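Source file my_file-v2.cif; content: mmCIF, C-alpha atoms and all ligand atoms.
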data_upload
#
loop_
_atom_site.label_atom_id
_atom_site.label_comp_id
_atom_site.auth_asym_id
_atom_site.auth_seq_id
_atom_site.Cartn_x
_atom_site.Cartn_y
_atom_site.Cartn_z
CA MET B 1 13.46 11.91 -23.99
CA ARG B 2 10.02 12.33 -22.42
CA ARG B 3 9.14 10.12 -19.51
CA SER B 4 5.76 9.44 -17.91
CA SER B 5 4.85 11.71 -15.00
CA ARG B 6 3.51 8.60 -13.29
CA LEU B 7 7.08 7.76 -12.25
CA PRO B 8 8.87 9.25 -9.24
CA ASP B 9 10.94 12.41 -9.89
CA HIS B 10 14.04 10.62 -8.64
CA PHE B 11 15.07 7.23 -7.34
CA GLU B 12 17.23 8.46 -4.47
CA PRO B 13 16.89 6.22 -1.42
CA ASN B 14 15.38 7.85 1.69
CA PRO B 15 17.82 8.67 4.53
CA LEU B 16 17.05 5.43 6.43
CA SER B 17 17.58 3.22 3.36
CA GLN B 18 20.75 5.15 2.57
CA LEU B 19 22.09 4.63 6.08
CA LEU B 20 21.17 0.94 5.94
CA ALA B 21 22.98 0.47 2.62
CA GLU B 22 26.09 2.21 4.02
CA ARG B 23 26.03 0.08 7.16
CA ARG B 24 25.70 -3.13 5.18
CA ALA B 25 28.43 -2.08 2.72
CA ALA B 26 30.74 -1.40 5.68
CA GLY B 27 30.03 -4.89 7.04
CA LEU B 28 28.40 -3.50 10.19
CA GLU B 29 25.82 -5.54 12.06
CA VAL B 30 22.13 -4.87 11.44
CA LEU B 31 19.43 -6.23 13.75
CA ASP B 32 16.50 -6.07 11.37
CA LEU B 33 13.22 -5.68 13.27
CA THR B 34 11.36 -5.03 10.00
CA ALA B 35 11.83 -8.53 8.53
CA SER B 36 8.74 -9.31 6.49
CA ASN B 37 9.99 -11.93 4.06
CA PRO B 38 8.84 -15.20 5.66
CA THR B 39 11.27 -17.28 3.58
CA ALA B 40 14.18 -15.51 5.33
CA CYS B 41 12.79 -15.75 8.87
CA GLY B 42 13.83 -19.27 9.86
CA PHE B 43 10.52 -21.10 9.40
CA ASP B 44 10.52 -24.82 8.86
CA TYR B 45 9.12 -25.23 5.34
CA PRO B 46 8.09 -28.74 4.13
CA GLU B 47 10.60 -28.61 1.28
CA ALA B 48 9.80 -31.93 -0.40
CA GLU B 49 6.08 -31.15 -0.55
CA ILE B 50 6.67 -27.66 -1.94
CA ARG B 51 9.10 -28.90 -4.59
CA SER B 52 6.78 -31.70 -5.62
CA ALA B 53 3.76 -29.33 -5.80
CA LEU B 54 5.70 -27.03 -8.12
CA SER B 55 6.74 -29.82 -10.46
CA ALA B 56 3.36 -31.44 -11.22
CA PRO B 57 3.17 -33.06 -14.71
CA SER B 58 0.64 -30.43 -15.83
CA VAL B 59 3.35 -27.72 -15.73
CA LEU B 60 4.55 -29.06 -19.09
CA ARG B 61 1.35 -27.95 -20.82
CA TYR B 62 0.20 -24.42 -21.52
CA ALA B 63 -3.56 -24.16 -21.13
CA ALA B 64 -4.18 -20.43 -20.95
CA ASP B 65 -7.30 -19.35 -19.08
CA PRO B 66 -7.46 -15.61 -18.38
CA GLN B 67 -9.44 -16.24 -15.19
CA GLY B 68 -6.93 -18.85 -14.04
CA ALA B 69 -6.90 -22.65 -13.96
CA PRO B 70 -10.25 -24.00 -12.70
CA THR B 71 -8.55 -26.52 -10.37
CA ALA B 72 -6.61 -23.71 -8.69
CA ARG B 73 -9.70 -21.53 -8.40
CA GLN B 74 -11.70 -24.42 -6.95
CA ALA B 75 -9.02 -25.03 -4.30
CA ILE B 76 -8.97 -21.33 -3.39
CA ALA B 77 -12.78 -21.21 -3.20
CA SER B 78 -12.80 -24.24 -0.87
CA TYR B 79 -10.04 -22.72 1.24
CA HIS B 80 -12.06 -19.55 1.82
CA GLY B 81 -15.46 -21.22 2.22
CA HIS B 82 -18.40 -18.88 2.91
CA GLY B 83 -20.07 -20.01 -0.31
CA LEU B 84 -17.27 -18.71 -2.56
CA ARG B 85 -17.25 -20.46 -5.96
CA ALA B 86 -14.46 -21.04 -8.48
CA GLU B 87 -16.29 -18.78 -10.94
CA ASP B 88 -16.14 -15.87 -8.46
CA LEU B 89 -12.33 -15.81 -8.68
CA LEU B 90 -9.65 -14.44 -10.96
CA LEU B 91 -6.01 -15.41 -10.43
CA THR B 92 -3.15 -12.89 -10.46
CA ALA B 93 0.60 -13.09 -9.97
CA SER B 94 0.32 -11.06 -6.74
CA THR B 95 -2.08 -8.79 -4.93
CA SER B 96 -0.12 -5.88 -6.41
CA GLU B 97 -1.10 -7.10 -9.85
CA GLY B 98 -4.65 -7.51 -8.55
CA TYR B 99 -4.72 -3.82 -7.61
CA ALA B 100 -3.36 -2.82 -11.01
CA LEU B 101 -6.12 -4.79 -12.77
CA LEU B 102 -8.81 -3.39 -10.47
CA PHE B 103 -7.65 0.20 -10.90
CA LYS B 104 -7.72 -0.32 -14.68
CA LEU B 105 -11.20 -1.78 -14.36
CA LEU B 106 -12.65 0.94 -12.14
CA GLY B 107 -10.99 4.23 -12.91
CA ASN B 108 -9.98 6.68 -15.59
CA PRO B 109 -6.83 8.82 -15.45
CA SER B 110 -6.98 11.23 -12.47
CA ASP B 111 -9.83 9.34 -10.81
CA GLU B 112 -9.40 8.65 -7.12
CA VAL B 113 -9.57 5.80 -4.66
CA LEU B 114 -10.06 6.60 -0.97
CA VAL B 115 -7.74 4.82 1.43
CA PRO B 116 -8.32 4.95 5.20
CA SER B 117 -4.87 5.72 6.57
CA PRO B 118 -2.48 4.71 8.04
CA SER B 119 -2.27 1.84 5.60
CA TYR B 120 -0.12 -0.16 3.21
CA PRO B 121 2.19 2.47 1.63
CA LEU B 122 2.24 0.80 -1.80
CA PHE B 123 -1.26 2.07 -2.64
CA ASP B 124 0.10 5.50 -3.53
CA TRP B 125 2.28 4.08 -6.26
CA LEU B 126 -0.07 1.35 -7.40
CA ALA B 127 -2.72 4.02 -8.05
CA ARG B 128 -0.31 6.53 -9.53
CA LEU B 129 1.11 3.99 -11.97
CA GLU B 130 -2.43 3.57 -13.31
CA GLY B 131 -2.71 7.36 -13.69
CA MET B 132 -4.94 7.54 -10.61
CA VAL B 133 -4.71 9.04 -7.14
CA ALA B 134 -4.89 7.25 -3.78
CA ARG B 135 -6.42 9.81 -1.41
CA PRO B 136 -5.74 9.06 2.27
CA VAL B 137 -8.51 9.61 4.81
CA SER B 138 -7.20 9.49 8.38
CA SER B 139 -8.57 6.86 10.72
CA TYR B 140 -8.39 7.71 14.42
CA PHE B 141 -7.20 5.87 17.48
CA HIS B 142 -9.35 5.66 20.59
CA GLU B 143 -8.53 2.45 22.45
CA ARG B 144 -8.47 0.87 18.98
CA TRP B 145 -8.36 2.22 15.45
CA HIS B 146 -11.62 3.39 13.92
CA LEU B 147 -12.51 4.33 10.34
CA ASP B 148 -13.61 7.96 10.14
CA LEU B 149 -16.77 7.24 8.17
CA GLY B 150 -17.88 10.90 8.17
CA ALA B 151 -14.53 11.96 6.70
CA LEU B 152 -14.71 9.15 4.13
CA GLU B 153 -18.15 10.27 3.02
CA ALA B 154 -17.01 13.91 2.89
CA ALA B 155 -14.02 12.93 0.73
CA VAL B 156 -16.17 11.31 -1.98
CA SER B 157 -16.16 13.42 -5.14
CA GLU B 158 -17.22 12.86 -8.73
CA ARG B 159 -13.71 11.47 -9.30
CA THR B 160 -13.96 8.80 -6.59
CA CYS B 161 -14.43 5.28 -7.90
CA ALA B 162 -13.56 3.05 -4.94
CA VAL B 163 -12.59 2.69 -1.30
CA VAL B 164 -9.62 0.43 -0.44
CA VAL B 165 -9.40 -1.14 3.03
CA VAL B 166 -7.04 -3.73 4.45
CA ASN B 167 -8.62 -6.24 6.88
CA PRO B 168 -6.77 -6.58 9.22
CA ASN B 169 -4.87 -3.47 8.32
CA ASN B 170 -1.11 -3.15 7.83
CA PRO B 171 0.51 -1.73 9.97
CA THR B 172 -2.23 -0.93 12.53
CA GLY B 173 -3.51 -4.52 12.81
CA GLN B 174 -7.07 -3.18 12.89
CA PHE B 175 -9.88 -5.51 11.81
CA LEU B 176 -13.03 -3.85 10.50
CA SER B 177 -15.78 -4.04 13.10
CA LYS B 178 -19.12 -5.41 11.97
CA THR B 179 -20.63 -1.94 12.48
CA GLU B 180 -17.93 -0.31 10.33
CA TRP B 181 -18.49 -2.91 7.65
CA LYS B 182 -22.22 -2.21 7.49
CA ALA B 183 -21.65 1.56 7.34
CA LEU B 184 -18.88 1.21 4.75
CA THR B 185 -20.85 -1.02 2.39
CA ASP B 186 -23.89 1.27 2.75
CA LEU B 187 -21.72 4.28 1.92
CA CYS B 188 -20.25 2.55 -1.16
CA ALA B 189 -23.70 1.44 -2.35
CA ARG B 190 -25.18 4.94 -1.83
CA ARG B 191 -22.31 6.73 -3.58
CA ASN B 192 -21.88 4.18 -6.36
CA LEU B 193 -18.37 3.11 -5.30
CA ALA B 194 -16.61 -0.23 -5.46
CA LEU B 195 -15.10 -1.60 -2.27
CA LEU B 196 -11.68 -3.28 -2.41
CA VAL B 197 -10.77 -5.33 0.65
CA ASP B 198 -7.26 -6.71 1.07
CA GLU B 199 -7.44 -9.73 3.35
CA VAL B 200 -3.91 -11.10 2.98
CA PHE B 201 -3.52 -11.10 6.79
CA SER B 202 -7.00 -12.35 7.71
CA ASP B 203 -5.70 -15.72 8.97
CA TYR B 204 -3.50 -13.98 11.53
CA ALA B 205 -5.92 -12.76 14.21
CA LEU B 206 -4.07 -12.10 17.48
CA GLU B 207 -5.97 -9.74 19.78
CA ALA B 208 -9.12 -9.28 17.73
CA ALA B 209 -12.02 -7.46 19.40
CA GLY B 210 -15.31 -9.33 19.85
CA ASP B 211 -17.05 -7.56 16.98
CA ALA B 212 -14.14 -7.91 14.53
CA LEU B 213 -15.13 -8.99 11.03
CA SER B 214 -12.66 -11.81 10.44
CA THR B 215 -13.46 -11.90 6.72
CA THR B 216 -15.73 -9.83 4.54
CA LEU B 217 -16.71 -13.09 2.78
CA GLU B 218 -19.11 -13.57 5.71
CA GLU B 219 -21.30 -11.18 3.71
CA ARG B 220 -22.53 -13.27 0.77
CA ASP B 221 -24.57 -10.55 -0.87
CA PRO B 222 -22.95 -7.15 -0.29
CA PRO B 223 -24.92 -4.08 -1.44
CA CYS B 224 -21.93 -2.69 -3.40
CA PRO B 225 -19.43 -4.35 -5.77
CA LEU B 226 -16.90 -6.09 -3.51
CA PHE B 227 -13.43 -7.12 -4.65
CA LEU B 228 -11.49 -9.18 -2.14
CA LEU B 229 -7.73 -9.57 -2.65
CA SER B 230 -5.56 -12.26 -1.15
CA GLY B 231 -2.78 -14.63 -2.08
CA LEU B 232 -0.25 -17.25 -1.12
CA SER B 233 2.39 -14.74 -0.04
CA LYS B 234 0.81 -14.35 3.40
CA ILE B 235 -1.77 -17.19 3.55
CA ALA B 236 0.91 -19.83 2.98
CA ALA B 237 3.98 -17.66 3.73
CA LEU B 238 5.11 -18.34 0.13
CA PRO B 239 5.67 -14.94 -1.56
CA GLN B 240 8.07 -16.47 -4.12
CA VAL B 241 5.34 -18.61 -5.70
CA LYS B 242 3.67 -15.43 -6.98
CA LEU B 243 0.04 -16.40 -6.78
CA GLY B 244 -2.70 -14.01 -5.74
CA TRP B 245 -6.40 -13.69 -6.50
CA ILE B 246 -9.40 -11.44 -6.60
CA ALA B 247 -12.81 -12.67 -5.43
CA VAL B 248 -15.76 -10.70 -6.76
CA ARG B 249 -19.20 -10.36 -5.16
CA GLY B 250 -22.10 -7.95 -5.11
CA PRO B 251 -23.99 -6.12 -7.88
CA GLY B 252 -22.62 -6.74 -11.38
CA ALA B 253 -20.10 -9.39 -10.19
CA ALA B 254 -20.34 -11.53 -13.35
CA ASP B 255 -19.84 -8.47 -15.61
CA HIS B 256 -16.87 -7.29 -13.54
CA LEU B 257 -15.29 -10.73 -13.76
CA GLU B 258 -15.75 -10.78 -17.51
CA ALA B 259 -14.00 -7.39 -17.77
CA LEU B 260 -11.24 -8.48 -15.39
CA ALA B 261 -10.69 -11.59 -17.50
CA PHE B 262 -10.35 -9.35 -20.56
CA LEU B 263 -7.70 -7.29 -18.73
CA ALA B 264 -5.87 -10.39 -17.46
CA ASP B 265 -5.95 -11.87 -20.96
CA GLN B 266 -3.63 -9.08 -22.16
CA TYR B 267 -0.91 -10.33 -19.80
CA LEU B 268 -1.64 -13.96 -18.80
CA SER B 269 0.94 -13.49 -16.07
CA VAL B 270 0.23 -16.38 -13.71
CA SER B 271 2.65 -19.24 -14.31
CA ALA B 272 1.48 -22.79 -14.99
CA SER B 273 3.52 -24.07 -12.04
CA ALA B 274 1.94 -21.66 -9.54
CA GLN B 275 -1.53 -22.62 -10.76
CA ALA B 276 -0.83 -26.34 -10.75
CA ALA B 277 0.69 -26.15 -7.27
CA ALA B 278 -2.12 -24.10 -5.71
CA PRO B 279 -4.22 -26.99 -4.30
CA ALA B 280 -1.21 -28.69 -2.65
CA LEU B 281 0.26 -25.42 -1.36
CA LEU B 282 -3.07 -24.36 0.12
CA ALA B 283 -3.20 -27.71 1.91
CA LEU B 284 0.12 -26.76 3.57
CA ALA B 285 -1.16 -23.34 4.62
CA PRO B 286 -2.63 -24.29 8.05
CA SER B 287 0.65 -25.75 9.35
CA LEU B 288 2.71 -22.84 7.99
CA GLN B 289 0.27 -20.36 9.51
CA ALA B 290 0.54 -22.16 12.86
CA GLN B 291 4.33 -21.61 12.83
CA VAL B 292 3.90 -17.96 11.89
CA ARG B 293 1.26 -17.39 14.59
CA ARG B 294 3.55 -18.96 17.22
CA ARG B 295 6.28 -16.50 16.17
CA LEU B 296 3.94 -13.50 16.23
CA ARG B 297 2.69 -14.40 19.71
CA ALA B 298 6.16 -15.12 21.10
CA ASN B 299 7.47 -11.77 19.87
CA LEU B 300 4.46 -9.94 21.23
CA ARG B 301 5.05 -11.55 24.64
CA ALA B 302 8.74 -10.59 24.48
CA LEU B 303 7.77 -7.03 23.59
CA ASP B 304 5.34 -6.78 26.52
CA ALA B 305 7.97 -8.15 28.91
CA SER B 306 10.55 -5.62 27.65
CA LEU B 307 8.11 -2.71 27.76
CA ALA B 308 7.42 -3.37 31.45
CA ALA B 309 10.85 -1.85 32.21
CA HIS B 310 10.22 1.25 30.06
CA PRO B 311 7.14 3.10 31.28
CA GLN B 312 7.65 5.91 28.74
CA LEU B 313 6.98 3.39 25.95
CA SER B 314 3.90 1.39 25.03
CA ARG B 315 2.46 -0.58 22.14
CA LEU B 316 -0.90 -0.44 20.44
CA PRO B 317 -3.17 -3.51 20.35
CA VAL B 318 -2.43 -5.97 17.54
CA GLU B 319 -5.82 -7.25 16.45
CA GLY B 320 -4.14 -9.13 13.62
CA GLY B 321 -1.34 -9.17 11.06
CA TRP B 322 2.42 -9.22 11.23
CA SER B 323 3.24 -5.74 12.62
CA VAL B 324 3.12 -3.88 15.89
CA LEU B 325 3.13 -0.13 16.52
CA LEU B 326 5.46 0.99 19.28
CA ARG B 327 4.60 4.31 20.86
CA ARG B 328 7.42 6.54 22.12
CA PRO B 329 7.73 10.12 23.35
CA ALA B 330 7.89 12.22 20.16
CA LEU B 331 11.03 14.13 21.13
CA GLU B 332 12.29 13.79 17.56
CA GLY B 333 10.61 12.93 14.24
CA ASP B 334 9.98 9.26 13.46
CA GLU B 335 12.47 9.06 10.60
CA ALA B 336 15.18 10.87 12.61
CA CYS B 337 14.54 8.46 15.47
CA ALA B 338 14.80 5.37 13.21
CA CYS B 339 18.06 6.72 11.70
CA ARG B 340 19.53 7.43 15.14
CA LEU B 341 18.59 3.94 16.37
CA LEU B 342 20.26 2.33 13.38
CA ARG B 343 23.37 4.45 13.78
CA GLU B 344 23.69 4.02 17.56
CA THR B 345 22.51 0.43 18.04
CA GLY B 346 22.41 -1.27 14.63
CA VAL B 347 18.66 -1.85 15.13
CA LEU B 348 16.44 -1.31 12.10
CA ALA B 349 12.83 -0.27 12.79
CA HIS B 350 10.44 1.48 10.42
CA PRO B 351 9.33 5.02 11.25
CA GLY B 352 5.55 5.41 11.60
CA SER B 353 5.78 8.20 9.03
CA PHE B 354 6.51 5.57 6.33
CA PHE B 355 2.92 4.39 6.85
CA ASP B 356 1.35 7.86 7.23
CA LEU B 357 0.78 7.58 10.97
CA PRO B 358 -1.05 10.81 11.85
CA ALA B 359 1.70 12.11 14.20
CA ASP B 360 5.28 11.43 15.18
CA GLY B 361 5.85 9.06 18.08
CA HIS B 362 5.53 5.64 16.43
CA LEU B 363 7.90 2.96 15.22
CA VAL B 364 6.68 -0.08 13.30
CA LEU B 365 8.18 -3.46 14.15
CA SER B 366 7.68 -6.75 12.35
CA LEU B 367 6.54 -9.57 14.62
CA LEU B 368 7.80 -12.01 11.99
CA THR B 369 11.41 -11.26 12.99
CA PRO B 370 13.30 -14.34 14.28
CA GLU B 371 12.82 -14.40 18.06
CA THR B 372 16.46 -14.09 19.12
CA VAL B 373 16.98 -11.09 16.83
CA PHE B 374 13.74 -9.51 18.06
CA ARG B 375 14.67 -9.85 21.73
CA GLU B 376 18.25 -8.62 21.22
CA GLY B 377 16.99 -5.72 19.11
CA LEU B 378 14.51 -4.70 21.83
CA ALA B 379 17.19 -4.92 24.51
CA ARG B 380 19.38 -2.53 22.52
CA ALA B 381 16.74 -0.18 21.17
CA LEU B 382 14.22 0.40 23.95
CA PRO B 383 16.64 2.14 26.37
CA ARG B 384 17.43 4.67 23.59
CA LEU B 385 13.84 5.73 22.97
C1 LIG H 401 -1.66 -5.22 2.92
C2 LIG H 401 -0.78 -5.99 1.98
N1 LIG H 401 -1.28 -6.45 0.82
C3 LIG H 401 -0.52 -7.15 -0.03
C4 LIG H 401 0.80 -7.42 0.26
C5 LIG H 401 1.68 -8.17 -0.72
O1 LIG H 401 1.07 -9.17 -1.37
P1 LIG H 401 1.67 -9.77 -2.74
O2 LIG H 401 2.96 -10.40 -2.40
O3 LIG H 401 0.62 -10.77 -3.10
O4 LIG H 401 1.74 -8.65 -3.71
C6 LIG H 401 1.36 -6.97 1.44
C7 LIG H 401 2.78 -7.24 1.73
O5 LIG H 401 3.33 -6.84 2.70
C8 LIG H 401 0.54 -6.24 2.32
O6 LIG H 401 1.05 -5.75 3.45
#
Produce structure tokens that represent the structure in this file.
Amino acid sequence: MRRSSRLPDHFEPNPLSQLLAERRAAGLEVLDLTASNPTACGFDYPEAEIRSALSAPSVLRYAADPQGAPTARQAIASYHGHGLRAEDLLLTASTSEGYALLFKLLGNPSDEVLVPSPSYPLFDWLARLEGMVARPVSSYFHERWHLDLGALEAAVSERTCAVVVVNPNNPTGQFLSKTEWKALTDLCARRNLALLVDEVFSDYALEAAGDALSTTLEERDPPCPLFLLSGLSKIAALPQVKLGWIAVRGPGAADHLEALAFLADQYLSVSASAQAAAPALLALAPSLQAQVRRRLRANLRALDASLAAHPQLSRLPVEGGWSVLLRRPALEGDEACACRLLRETGVLAHPGSFFDLPADGHLVLSLLTPETVFREGLARALPRL
């Protein structure tokens, strides 16, 4: 039987996942410093409010709207502010689905999107599954991460249809600076490219620089088509609700929304309960975010205190988001280091190579990890690095 070449050649787990599965099957302890599922990280969720939001009377009626229920879109527009309107939005079941719709909208098979890297590793597959290619363009680190705008411009070809940035980025935590934003939108306008900006972490600024662009919605009239992606999975720490959205601005926005609605109409994948619950769940977002931010800050403080005893190790600034990059002497490759740590100490950390860090010498830790696990994990792992 023939199978699409868009799929991976094999589904073998990588060595770290394999080791993890073996450890868990053997009942051995794992101190998971990569925890990124907020519903399994010990937060205090207002259960009654969440249950009641998800069981509104309107969930008994099916009122299909390919753009998404107007009441949900209005609540999202009000949440974001900056002049966003309900008609600028299209609802999706997740940001992943948002990317799939946008790649269908923007590209033909073998077209490319440029992705400043390191970045969210899923882009490779999300593009490939649409028959497209996500081409990484390395950012560089000098006191903070910077987009390499010259390299981005040089990478544009007749196949390029868009640039995809994450603001703040995962896993580097980098916010776009206002200067980068201006140069990036100018580049996209000049080269006829769309700009996709993933702002799922934009509410989680931690050590943002003075010129950080906290949200690209500050720009009401961008010179290029702008597609902003976000959703409840990070904004309200509710990934299980499965509600994301795309906000569209810039030249041709109304036409792009019409085409996106056509695409979404083929699937109609957003559930009635997620749409009905959106206004109430968004109202809970500030208090859930406050809990998450307390966790992120507490873990960052614990990391700094632990690093003081290990001068060979350091961390990079965390302008925002849920991850931190730990820098270590690159005496062994990142993946080998992560495997050794897991084997010797039971501590699970992600190798920087999983996120296309430009060189060995980085581990990625999740600041969402429950604090006691994070501290114990650091105490075991740092002396072995
Ligand atoms: C940059 C980025 N975008 C999107 C997502 C996931 O969003 P969703 O659950 O809406 O697909 C993640 C999850 O880690 C992420 O890191």
Practice task
Kindly indicate which residue among B:Ala40, B:Val113, B:Ala336, B:Leu122 lies nearest to ligand LIG 401 (chain H), using all atoms listed in the file for the distances.
Solution key: B:Leu122
Please list, as a PDB file with C-alpha atoms, in the coordinates of the input, the residues that have an atom at most 10 Å away from (-15.4, -18.0, -7.9) in the coordinates of this file, counting all atoms listed in the file.
ATOM      1  CA  GLN B  67      -9.440 -16.240 -15.190  1.00  0.00           C
ATOM      2  CA  PRO B  70     -10.250 -24.000 -12.700  1.00  0.00           C
ATOM      3  CA  ARG B  73      -9.700 -21.530  -8.400  1.00  0.00           C
ATOM      4  CA  GLN B  74     -11.700 -24.420  -6.950  1.00  0.00           C
ATOM      5  CA  ILE B  76      -8.970 -21.330  -3.390  1.00  0.00           C
ATOM      6  CA  ALA B  77     -12.780 -21.210  -3.200  1.00  0.00           C
ATOM      7  CA  SER B  78     -12.800 -24.240  -0.870  1.00  0.00           C
ATOM      8  CA  GLY B  83     -20.070 -20.010  -0.310  1.00  0.00           C
ATOM      9  CA  LEU B  84     -17.270 -18.710  -2.560  1.00  0.00           C
ATOM     10  CA  ARG B  85     -17.250 -20.460  -5.960  1.00  0.00           C
ATOM     11  CA  ALA B  86     -14.460 -21.040  -8.480  1.00  0.00           C
ATOM     12  CA  GLU B  87     -16.290 -18.780 -10.940  1.00  0.00           C
ATOM     13  CA  ASP B  88     -16.140 -15.870  -8.460  1.00  0.00           C
ATOM     14  CA  LEU B  89     -12.330 -15.810  -8.680  1.00  0.00           C
ATOM     15  CA  LEU B  90      -9.650 -14.440 -10.960  1.00  0.00           C
ATOM     16  CA  ILE B 246      -9.400 -11.440  -6.600  1.00  0.00           C
ATOM     17  CA  ALA B 247     -12.810 -12.670  -5.430  1.00  0.00           C
ATOM     18  CA  VAL B 248     -15.760 -10.700  -6.760  1.00  0.00           C
ATOM     19  CA  ARG B 249     -19.200 -10.360  -5.160  1.00  0.00           C
ATOM     20  CA  ALA B 254     -20.340 -11.530 -13.350  1.00  0.00           C
ATOM     21  CA  LEU B 257     -15.290 -10.730 -13.760  1.00  0.00           C
TER      22      LEU B 257
END
Practice task
Find the residue from B:Asn192, B:Ser353, B:Asn169, B:Gln289 that sits nearest to ligand LIG 401 (chain H); use all atoms listed in the file when measuring.
Solution key: B:Asn169
Problem - Point-to-point distance from atom CA of Leu106 of chain B to atom CA of Leu226 of chain B, Å rounded to tenths - result: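 Separation of atom CA of Leu106 of chain B and atom CA of Leu226 of chain B: 11.9 Å.
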Practice task
Excluding Tyr62 of chain B and any residue of its chain fewer than 5 positions from it, enumerate the residues within 12 Å of it, using all atoms listed in the file, and give them as number ranges by chain.
Solution key: B: 57, 68-69, 268, 270-273, 275-276
Problem - Counting only C-alpha atoms and all ligand atoms, the option among B:Asp211, B:Glu218, B:Glu97, B:Glu153 closest to ligand LIG 401 (chain H) - result: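 Nearest candidate to ligand LIG 401 (chain H) out of B:Asp211, B:Glu218, B:Glu97, B:Glu153: B:Glu97.
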Exercise for the section: In Å, rounded to a single decimal, give me how far atom CA of His362 of chain B is from atom CA of Ser138 of chain B. Expected result: 15.5 Å
Problem - Among the residues B:Ser157, B:Ser202, B:Gln174, B:Thr92, the one that comes closest to Pro116 of chain B [using all atoms listed in the file] - result: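 Using all atoms listed in the file, Pro116 of chain B sits closest to B:Gln174.
Coordinates place atom CA of Gly321 of chain B at a distance of 13.9 Å from atom CA of Ala298 of chain B.
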Exercise for the section: Name each residue within 8 Å of ligand LIG 401 (chain H), counting all atoms listed in the file, as a ChimeraX atom specification. Expected result: /B:36,93-97,119-120,166,169-171,198-201,229-234,239,242-244
So which residues fall inside 12 Å of (-23.0, -3.2, 6.2) if we count only C-alpha atoms? Mind giving them as an mmCIF file with C-alpha atoms, keeping the file's coordinate frame?
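Output (point.cif):
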data_model
loop_
_atom_site.group_PDB
_atom_site.id
_atom_site.type_symbol
_atom_site.label_atom_id
_atom_site.label_comp_id
_atom_site.auth_asym_id
_atom_site.auth_seq_id
_atom_site.Cartn_x
_atom_site.Cartn_y
_atom_site.Cartn_z
ATOM 1 C CA LEU B 176 -13.030 -3.850 10.500
ATOM 2 C CA SER B 177 -15.780 -4.040 13.100
ATOM 3 C CA LYS B 178 -19.120 -5.410 11.970
ATOM 4 C CA THR B 179 -20.630 -1.940 12.480
ATOM 5 C CA GLU B 180 -17.930 -0.310 10.330
ATOM 6 C CA TRP B 181 -18.490 -2.910 7.650
ATOM 7 C CA LYS B 182 -22.220 -2.210 7.490
ATOM 8 C CA ALA B 183 -21.650 1.560 7.340
ATOM 9 C CA LEU B 184 -18.880 1.210 4.750
ATOM 10 C CA THR B 185 -20.850 -1.020 2.390
ATOM 11 C CA ASP B 186 -23.890 1.270 2.750
ATOM 12 C CA LEU B 187 -21.720 4.280 1.920
ATOM 13 C CA CYS B 188 -20.250 2.550 -1.160
ATOM 14 C CA ALA B 189 -23.700 1.440 -2.350
ATOM 15 C CA ARG B 190 -25.180 4.940 -1.830
ATOM 16 C CA LEU B 195 -15.100 -1.600 -2.270
ATOM 17 C CA LEU B 213 -15.130 -8.990 11.030
ATOM 18 C CA THR B 216 -15.730 -9.830 4.540
ATOM 19 C CA GLU B 218 -19.110 -13.570 5.710
ATOM 20 C CA GLU B 219 -21.300 -11.180 3.710
ATOM 21 C CA ARG B 220 -22.530 -13.270 0.770
ATOM 22 C CA ASP B 221 -24.570 -10.550 -0.870
ATOM 23 C CA PRO B 222 -22.950 -7.150 -0.290
ATOM 24 C CA PRO B 223 -24.920 -4.080 -1.440
ATOM 25 C CA CYS B 224 -21.930 -2.690 -3.400
ATOM 26 C CA LEU B 226 -16.900 -6.090 -3.510
#
Mind dumping a table of every segment 295-327 of chain B residue within 9 Å of segment 142-147 of chain B, with the nearest atom pair and its distance in Å to one decimal, using all atoms listed in the file, sorted by chain and rising number, as a Markdown table?
| residue | atom | partner | partner_atom | distance |
| --- | --- | --- | --- | --- |
| B:Leu316 | CA | B:Arg144 | CA | 7.8 |
| B:Pro317 | CA | B:Arg144 | CA | 7.0 |
| B:Glu319 | CA | B:Arg144 | CA | 8.9 |
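Nearest residue to Thr369 of chain B, choosing from B:Leu296, B:Ala212, B:Met132, B:Ala53 and counting only C-alpha atoms: B:Leu296.
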Handout entry: Exercise: Ala309 of chain B partners within 12 Å, only C-alpha atoms, chain neighbours under 6 positions left out, as a list of chain:residue names
Key = B:Ala302, B:Leu303, B:Leu378, B:Ala379, B:Leu382, B:Pro383
Dump C-alpha atoms for the selected residues as a short mmCIF file (atom, residue, chain, number, x, y, z; two decimals), in the frame of the given file?
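Final file, out-v8.cif:
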data_model
loop_
_atom_site.label_atom_id
_atom_site.label_comp_id
_atom_site.auth_asym_id
_atom_site.auth_seq_id
_atom_site.Cartn_x
_atom_site.Cartn_y
_atom_site.Cartn_z
CA ALA B 302 8.74 -10.59 24.48
CA LEU B 303 7.77 -7.03 23.59
CA LEU B 378 14.51 -4.70 21.83
CA ALA B 379 17.19 -4.92 24.51
CA LEU B 382 14.22 0.40 23.95
CA PRO B 383 16.64 2.14 26.37
#
Handout entry: Polymer residues at most 12 Å from segment 23-26 of chain B, only C-alpha atoms, same-chain spacing of 3 or more positions, as a list of chain:residue names
Key = B:Leu16, B:Ser17, B:Gln18, B:Leu19, B:Leu20, B:Glu29, B:Val30, B:Leu31, B:Asp32, B:Cys339, B:Leu342, B:Arg343, B:Glu344, B:Thr345, B:Gly346, B:Val347, B:Leu348
